[in-house]
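Dropping entry_37.csv in here (CSV, C-alpha atoms):
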```csv
chain,number,residue,atom,x,y,z
A,1,GLU,CA,-3.7,5.3,12.6
A,2,GLU,CA,-2.2,8.8,12.3
A,3,GLY,CA,1.5,9.0,13.1
A,4,SER,CA,2.3,5.3,12.9
A,5,ASP,CA,4.0,3.0,10.4
A,6,ILE,CA,1.1,0.5,10.1
A,7,TYR,CA,0.4,1.5,6.4
A,8,HIS,CA,4.0,1.4,5.2
A,9,ILE,CA,4.9,-0.9,2.3
A,10,PRO,CA,8.7,-1.7,2.2
A,11,TYR,CA,10.8,-3.0,-0.7
A,12,PHE,CA,14.4,-3.7,0.3
A,13,VAL,CA,17.0,-5.1,-2.2
A,14,GLN,CA,20.7,-5.4,-2.7
A,15,LEU,CA,21.9,-3.5,-5.7
A,16,SER,CA,24.5,-4.6,-8.3
A,17,GLU,CA,28.0,-3.1,-8.1
A,18,ASN,CA,27.6,-1.2,-11.3
A,19,ILE,CA,24.3,0.5,-10.4
A,20,ASN,CA,23.8,4.0,-11.9
A,21,LEU,CA,22.2,5.9,-9.0
A,22,LYS,CA,21.5,9.0,-11.1
A,23,ALA,CA,19.7,7.0,-13.7
A,24,LEU,CA,17.8,5.1,-10.9
A,25,GLU,CA,16.7,8.4,-9.3
A,26,LYS,CA,15.6,9.8,-12.7
A,27,SER,CA,13.7,6.6,-13.4
A,28,LEU,CA,11.8,6.8,-10.1
A,29,ASN,CA,10.8,10.4,-10.8
A,30,ILE,CA,9.6,9.5,-14.3
A,31,ILE,CA,7.3,6.9,-12.7
A,32,ILE,CA,6.1,9.4,-10.1
A,33,ASP,CA,5.3,11.9,-12.8
A,34,ARG,CA,3.5,9.1,-14.7
A,35,HIS,CA,1.4,8.0,-11.7
A,36,TRP,CA,0.2,11.3,-10.1
A,37,VAL,CA,-1.2,9.5,-7.1
A,38,LEU,CA,2.4,8.9,-5.9
A,39,LYS,CA,3.1,12.6,-5.7
A,40,THR,CA,-0.2,13.7,-4.1
A,41,PHE,CA,-0.4,15.7,-0.9
A,42,TYR,CA,-3.5,15.3,1.3
A,43,VAL,CA,-4.6,18.5,3.1
A,44,SER,CA,-7.4,19.1,5.6
A,45,THR,CA,-8.9,22.5,6.0
A,46,LYS,CA,-10.3,24.1,9.1
A,47,ASP,CA,-13.9,23.4,8.2
A,48,GLY,CA,-13.1,19.6,8.1
A,49,SER,CA,-13.1,19.3,4.3
A,50,ASP,CA,-10.2,17.5,2.6
A,51,TYR,CA,-8.6,18.1,-0.8
A,52,GLN,CA,-5.6,16.8,-2.7
A,53,PHE,CA,-3.0,18.5,-4.9
A,54,SER,CA,0.0,17.3,-6.8
A,55,SER,CA,3.4,18.2,-5.7
A,56,LYS,CA,6.1,19.6,-8.0
A,57,ASN,CA,8.8,18.3,-5.7
A,58,LYS,CA,11.2,15.7,-7.1
A,59,LEU,CA,12.1,12.5,-5.2
A,60,VAL,CA,15.7,12.5,-4.0
A,61,ILE,CA,17.4,9.2,-3.0
A,62,SER,CA,18.7,9.6,0.5
A,63,LYS,CA,22.3,8.3,0.8
A,64,ASN,CA,23.5,6.6,4.0
A,65,LYS,CA,26.8,5.0,4.9
A,66,VAL,CA,26.9,2.2,7.5
A,67,GLY,CA,29.7,0.2,9.1
A,68,ASN,CA,28.2,-3.3,9.3
A,69,LYS,CA,25.1,-5.4,8.7
A,70,ASN,CA,23.7,-4.8,12.2
A,71,GLU,CA,23.9,-1.0,11.7
A,72,LEU,CA,22.4,-1.5,8.2
A,73,LEU,CA,19.3,-3.4,9.6
A,74,SER,CA,19.0,-0.9,12.5
A,75,ASN,CA,19.0,2.0,10.0
A,76,VAL,CA,16.5,0.2,7.7
A,77,LYS,CA,14.1,-0.4,10.7
A,78,ALA,CA,14.4,3.3,11.7
A,79,LYS,CA,13.6,4.5,8.2
A,80,LEU,CA,10.6,2.1,8.0
A,81,SER,CA,9.2,3.3,11.4
A,82,LYS,CA,9.3,7.0,10.5
A,83,PRO,CA,5.7,8.1,9.8
A,84,PHE,CA,4.8,10.0,6.6
A,85,ASP,CA,3.6,13.6,6.8
A,86,LEU,CA,1.2,13.3,3.9
A,87,VAL,CA,0.3,17.0,4.2
A,88,GLN,CA,3.7,18.0,2.8
A,89,GLU,CA,5.4,14.8,1.8
A,90,ILE,CA,4.8,12.5,-1.2
A,91,SER,CA,3.8,9.0,-0.4
A,92,MET,CA,7.1,7.4,-1.4
A,93,ARG,CA,10.6,7.4,-0.1
A,94,ALA,CA,13.9,6.0,-1.4
A,95,ASP,CA,17.0,5.3,0.7
A,96,HIS,CA,20.4,4.1,-0.5
A,97,PHE,CA,22.7,2.3,1.9
A,98,SER,CA,26.4,1.6,1.3
A,99,ILE,CA,28.4,-0.8,3.4
A,100,LEU,CA,32.0,-1.6,2.2
A,101,ASP,CA,31.6,-2.7,-1.4
A,102,GLU,CA,27.8,-3.5,-1.1
A,103,GLN,CA,24.9,-1.3,-1.9
A,104,TYR,CA,21.2,-1.6,-0.9
A,105,LEU,CA,18.0,0.2,-1.8
A,106,LEU,CA,15.0,0.7,0.4
A,107,ILE,CA,11.8,2.0,-1.1
A,108,THR,CA,8.9,2.8,1.2
A,109,TRP,CA,5.4,3.5,0.0
A,110,HIS,CA,2.4,4.6,2.0
A,111,HIS,CA,-0.7,2.5,1.5
A,112,ILE,CA,-2.8,5.6,0.8
A,113,ALA,CA,-1.4,5.5,-2.8
A,114,PHE,CA,0.0,2.0,-3.2
A,115,ASP,CA,-0.8,-1.6,-2.6
A,116,GLY,CA,0.5,-5.1,-3.3
A,117,TRP,CA,-1.0,-5.2,-6.8
A,118,SER,CA,1.0,-2.0,-7.6
A,119,ILE,CA,4.4,-3.5,-7.0
A,120,SER,CA,4.7,-5.6,-10.2
A,121,ILE,CA,3.5,-2.7,-12.3
A,122,PHE,CA,6.0,-0.3,-10.6
A,123,MET,CA,8.9,-2.7,-10.9
A,124,ASN,CA,8.2,-3.6,-14.6
A,125,GLU,CA,8.1,0.1,-15.5
A,126,LEU,CA,11.2,0.9,-13.4
A,127,ALA,CA,13.2,-1.8,-15.1
A,128,GLU,CA,12.2,-0.6,-18.6
A,129,ILE,CA,12.8,3.1,-17.9
A,130,TYR,CA,16.2,2.5,-16.1
A,131,GLU,CA,17.4,0.3,-19.0
A,132,LYS,CA,16.4,3.0,-21.6
A,133,ILE,CA,18.1,5.8,-19.6
A,134,CYS,CA,21.3,3.8,-19.3
A,135,GLN,CA,21.3,3.0,-23.0
A,136,LYS,CA,20.4,6.6,-23.8
A,137,SER,CA,17.4,5.4,-25.7
A,138,GLU,CA,13.9,6.9,-26.1
A,139,ILE,CA,11.4,5.9,-23.4
A,140,ASN,CA,8.2,4.7,-25.0
A,141,LEU,CA,5.9,3.6,-22.2
A,142,ARG,CA,2.3,2.8,-23.2
A,143,GLU,CA,0.1,5.8,-22.5
A,144,LEU,CA,-2.2,5.3,-19.6
A,145,GLU,CA,-5.9,5.2,-20.5
A,146,ILE,CA,-7.0,6.3,-17.0
A,147,SER,CA,-5.4,7.5,-13.8
A,148,TYR,CA,-6.4,7.1,-10.2
A,149,ALA,CA,-7.7,10.7,-10.3
A,150,ASP,CA,-10.3,9.5,-12.9
A,151,TYR,CA,-11.4,6.7,-10.6
A,152,ALA,CA,-11.6,9.2,-7.6
A,153,MET,CA,-13.7,11.5,-9.6
A,154,TRP,CA,-16.1,8.8,-10.7
A,155,GLN,CA,-16.5,7.7,-7.1
A,156,LYS,CA,-17.1,11.2,-5.9
A,157,GLN,CA,-19.8,11.7,-8.6
A,158,PHE,CA,-21.4,8.4,-7.6
A,159,LEU,CA,-21.5,9.3,-3.9
A,160,THR,CA,-23.8,12.2,-4.3
A,161,GLY,CA,-27.5,12.9,-4.5
A,162,GLU,CA,-30.0,10.0,-4.6
A,163,SER,CA,-27.3,7.4,-4.8
A,164,LEU,CA,-25.7,8.6,-1.6
A,165,LYS,CA,-29.1,8.7,0.2
A,166,LYS,CA,-29.8,5.1,-0.8
A,167,LEU,CA,-26.4,3.9,0.5
A,168,LYS,CA,-26.8,5.7,3.8
A,169,LEU,CA,-30.2,4.3,4.3
A,170,PHE,CA,-29.0,0.8,3.5
A,171,TRP,CA,-26.1,0.9,5.9
A,172,LYS,CA,-28.1,2.5,8.7
A,173,GLN,CA,-30.5,-0.5,8.4
A,174,GLN,CA,-27.6,-3.0,8.2
A,175,LEU,CA,-25.8,-1.6,11.2
A,176,GLU,CA,-28.9,-1.1,13.4
A,177,GLY,CA,-28.4,-2.6,16.8
A,178,PHE,CA,-24.6,-2.7,16.3
A,179,GLU,CA,-22.7,-3.7,19.4
A,180,THR,CA,-19.0,-3.5,20.1
A,181,LEU,CA,-17.4,-6.9,20.2
A,182,HIS,CA,-15.7,-7.6,23.5
A,183,LEU,CA,-13.6,-10.7,23.6
A,184,ALA,CA,-12.0,-12.2,26.7
A,185,THR,CA,-8.2,-12.1,25.9
A,186,ASP,CA,-5.2,-13.6,27.6
A,187,PHE,CA,-3.4,-10.2,27.8
A,188,PRO,CA,-4.5,-6.6,27.9
A,189,ARG,CA,-4.5,-4.8,24.5
A,190,PRO,CA,-1.5,-2.6,24.0
A,191,THR,CA,-2.0,1.2,23.7
A,192,HIS,CA,-0.2,1.0,20.3
A,193,PHE,CA,-1.4,-1.6,17.9
A,194,ASP,CA,1.1,-3.1,15.5
A,195,TYR,CA,-1.4,-5.7,14.2
A,196,SER,CA,1.2,-8.5,14.4
A,197,GLY,CA,-0.3,-11.9,14.9
A,198,SER,CA,0.3,-15.6,14.6
A,199,ASP,CA,-0.8,-18.3,12.2
A,200,LEU,CA,-2.9,-21.1,13.6
A,201,GLN,CA,-2.8,-24.2,11.3
A,202,PHE,CA,-5.4,-27.0,11.4
A,203,VAL,CA,-6.7,-29.7,9.1
A,204,LEU,CA,-10.4,-30.4,8.2
A,205,ASP,CA,-11.1,-34.0,7.3
A,206,GLU,CA,-12.1,-34.9,3.8
A,207,SER,CA,-15.8,-35.4,4.6
A,208,LEU,CA,-16.2,-32.0,6.2
A,209,SER,CA,-14.2,-30.3,3.5
A,210,LEU,CA,-16.5,-31.7,0.8
A,211,GLN,CA,-19.6,-30.6,2.7
A,212,LEU,CA,-18.2,-27.1,3.0
A,213,LYS,CA,-17.4,-26.9,-0.7
A,214,GLN,CA,-20.9,-28.1,-1.6
A,215,LEU,CA,-22.4,-25.5,0.8
A,216,ALA,CA,-20.4,-22.8,-1.0
A,217,GLN,CA,-21.6,-24.1,-4.4
A,218,ARG,CA,-25.2,-24.1,-3.3
A,219,GLN,CA,-24.9,-20.5,-2.1
A,220,GLU,CA,-23.0,-19.5,-5.2
A,221,THR,CA,-20.1,-18.2,-3.2
A,222,THR,CA,-16.5,-19.2,-2.3
A,223,LEU,CA,-15.2,-21.6,0.3
A,224,TYR,CA,-13.3,-18.6,1.8
A,225,THR,CA,-16.6,-16.7,2.3
A,226,VAL,CA,-18.2,-19.7,4.0
A,227,LEU,CA,-15.3,-20.2,6.4
A,228,LEU,CA,-15.1,-16.4,7.1
A,229,SER,CA,-18.8,-16.4,7.9
A,230,ALA,CA,-18.3,-19.3,10.3
A,231,PHE,CA,-15.5,-17.4,12.0
A,232,TYR,CA,-17.8,-14.3,12.4
A,233,LEU,CA,-20.5,-16.5,13.9
A,234,SER,CA,-18.0,-17.9,16.3
A,235,LEU,CA,-17.1,-14.4,17.4
```
Let's see the structure in the file written out as structure tokens.
Amino acid sequence: EEGSDIYHIPYFVQLSENINLKALEKSLNIIIDRHWVLKTFYVSTKDGSDYQFSSKNKLVISKNKVGNKNELLSNVKAKLSKPFDLVQEISMRADHFSILDEQYLLITWHHIAFDGWSISIFMNELAEIYEKICQKSEINLRELEISYADYAMWQKQFLTGESLKKLKLFWKQQLEGFETLHLATDFPRPTHFDYSGSDLQFVLDESLSLQLKQLAQRQETTLYTVLLSAFYLSL
């Protein structure tokens, strides 16, 4: 999905009138320095190998003045749709918008370094750091036991030698005879996928629901897995 906004994670909020932007910017950079994965560049070499290195660049909050709410939303959408250049750009942006006496903040992360589970951790640390900076108090965040770099190294060490050979053999056997799924659709597929879809709601009667739950228990799995398996069989 190179060059698209599919993997962007947005966080858009209205700020209080007395927000300290300098303190906010400093707080964001402290978090980025604390979690190195947020300031990592991803570089591909000519031989096809990839490597990562940490940037020394600081995040700067981009400041934007807008005239009305329509212009605000238009600017926010434009910022969100701008792809990241992960070769020379960290995987996080921050944009400040001012409209009359209102202020807004848009934070955009790339999914390569961030996910839904990360948001609460990020916001809790941001609140604590920002408060300490505004109070001119010492910042005492709990030291991290491991970083994502540790996890990446463990994974790299695991995917070598005999372990890698076994995994490759397993998946070659699992995927033997693989065929591309061709479904009859109402409309032609677009050249650019945005992965937007619709929810289809339906109700299973009490008897069938009970049978499905019992099937999941017998197979020592979840109801979700049973229903997903049925969906795959249908496809």
Top pick for closest residue to Tyr7 of chain A, considering A:Leu24, A:Ile90, A:Leu59, A:Ile112 and counting all atoms listed in the file: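 Closest to Tyr7 of chain A of all the choices is A:Ile112.
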d(atom CA of Phe53 of chain A, atom CA of Ser27 of chain A) in Å: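 If I compute the distance from atom CA of Phe53 of chain A to atom CA of Ser27 of chain A, I get 22.2 Å.
Nearest residue to His96 of chain A among A:Lys22, A:Lys168, A:Lys39, A:Lys58 is A:Lys22, counting only C-alpha atoms.
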Would you mind reading off the distance between atom CA of His111 of chain A and atom CA of Leu38 of chain A, one decimal, in Å?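 Atom CA of His111 of chain A sits 10.3 Å away from atom CA of Leu38 of chain A.
Atom CA of Ala152 of chain A to atom CA of Ser54 of chain A spans 14.2 Å [interatomic distance, one decimal].
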Fewer than 4 positions away in the same chain doesn't count, so skip those; otherwise give me all residues within 9 Å of Phe84 of chain A, counting all atoms listed in the file, as a list in words.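 Neighbouring residues, sequence-local ones excluded: Gly3, Ser4, Asp5, His8, Gln88, Glu89, Ile90, Ser91, Met92 and His110 of chain A.
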Tell me which protein, DNA and RNA residues are within 12 Å of segment 114-131 of chain A, counting all atoms listed in the file, leaving out same-chain ones fewer than 3 positions away, and put them as JSON, numbers by chain. {"A": [7, 8, 9, 10, 11, 19, 20, 21, 22, 23, 24, 25, 26, 27, 28, 29, 30, 31, 32, 34, 35, 36, 37, 38, 39, 40, 90, 91, 92, 107, 108, 109, 110, 111, 134, 135, 136, 137, 138, 139, 140, 141, 142, 148]}
Any chance you can output those residues with C-alpha atoms as a compact mmCIF listing (two decimals), keeping the file's coordinate frame?
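As written to disk, result06.txt reads:
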```
# COMPACT_ATOMS: atom_id res chain seq x y z
CA TYR A 7 0.40 1.50 6.40
CA HIS A 8 4.00 1.40 5.20
CA ILE A 9 4.90 -0.90 2.30
CA PRO A 10 8.70 -1.70 2.20
CA TYR A 11 10.80 -3.00 -0.70
CA ILE A 19 24.30 0.50 -10.40
CA ASN A 20 23.80 4.00 -11.90
CA LEU A 21 22.20 5.90 -9.00
CA LYS A 22 21.50 9.00 -11.10
CA ALA A 23 19.70 7.00 -13.70
CA LEU A 24 17.80 5.10 -10.90
CA GLU A 25 16.70 8.40 -9.30
CA LYS A 26 15.60 9.80 -12.70
CA SER A 27 13.70 6.60 -13.40
CA LEU A 28 11.80 6.80 -10.10
CA ASN A 29 10.80 10.40 -10.80
CA ILE A 30 9.60 9.50 -14.30
CA ILE A 31 7.30 6.90 -12.70
CA ILE A 32 6.10 9.40 -10.10
CA ARG A 34 3.50 9.10 -14.70
CA HIS A 35 1.40 8.00 -11.70
CA TRP A 36 0.20 11.30 -10.10
CA VAL A 37 -1.20 9.50 -7.10
CA LEU A 38 2.40 8.90 -5.90
CA LYS A 39 3.10 12.60 -5.70
CA THR A 40 -0.20 13.70 -4.10
CA ILE A 90 4.80 12.50 -1.20
CA SER A 91 3.80 9.00 -0.40
CA MET A 92 7.10 7.40 -1.40
CA ILE A 107 11.80 2.00 -1.10
CA THR A 108 8.90 2.80 1.20
CA TRP A 109 5.40 3.50 0.00
CA HIS A 110 2.40 4.60 2.00
CA HIS A 111 -0.70 2.50 1.50
CA CYS A 134 21.30 3.80 -19.30
CA GLN A 135 21.30 3.00 -23.00
CA LYS A 136 20.40 6.60 -23.80
CA SER A 137 17.40 5.40 -25.70
CA GLU A 138 13.90 6.90 -26.10
CA ILE A 139 11.40 5.90 -23.40
CA ASN A 140 8.20 4.70 -25.00
CA LEU A 141 5.90 3.60 -22.20
CA ARG A 142 2.30 2.80 -23.20
CA TYR A 148 -6.40 7.10 -10.20
```
Excluding segment 170-182 of chain A and residues on its chain fewer than 3 positions from it, collect all residues at most 12 Å away from it, counting only C-alpha atoms, and give them as a list in words.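 Everything that qualifies: Ser163, Leu164, Lys165, Lys166, Leu167, Thr185, Arg189, Tyr232, Leu233, Ser234 and Leu235 of chain A.
Nearest to His192 of chain A of all the residues A:Lys46, A:Gln14, A:Leu73, A:Ile6 is A:Ile6, based on all atoms listed in the file.
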Mind writing segment 120-148 of chain A to a file for me, with C-alpha atoms, as a CSV table (one decimal), in the first residue's frame?
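Writing the result to part23.csv gives the following:
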```csv
chain,number,residue,atom,x,y,z
A,120,SER,CA,-4.0,4.8,25.9
A,121,ILE,CA,-0.3,4.3,26.8
A,122,PHE,CA,0.6,7.3,24.7
A,123,MET,CA,-2.1,9.6,26.1
A,124,ASN,CA,-1.5,8.6,29.7
A,125,GLU,CA,2.2,9.4,29.4
A,126,LEU,CA,1.5,12.6,27.5
A,127,ALA,CA,-0.9,13.9,30.3
A,128,GLU,CA,1.7,13.1,33.0
A,129,ILE,CA,4.6,14.7,31.2
A,130,TYR,CA,2.7,17.8,30.1
A,131,GLU,CA,1.4,18.4,33.6
A,132,LYS,CA,4.9,18.0,35.1
A,133,ILE,CA,6.4,20.5,32.5
A,134,CYS,CA,3.7,23.1,33.2
A,135,GLN,CA,4.3,22.7,36.9
A,136,LYS,CA,8.1,22.8,36.4
A,137,SER,CA,8.3,19.5,38.3
A,138,GLU,CA,10.6,16.6,37.8
A,139,ILE,CA,9.4,14.0,35.3
A,140,ASN,CA,9.6,10.5,36.8
A,141,LEU,CA,8.2,8.0,34.3
A,142,ARG,CA,8.7,4.3,35.1
A,143,GLU,CA,11.7,3.0,33.2
A,144,LEU,CA,10.8,0.7,30.4
A,145,GLU,CA,11.9,-2.9,30.9
A,146,ILE,CA,12.0,-3.6,27.1
A,147,SER,CA,11.6,-1.6,23.9
A,148,TYR,CA,10.2,-2.6,20.5
```
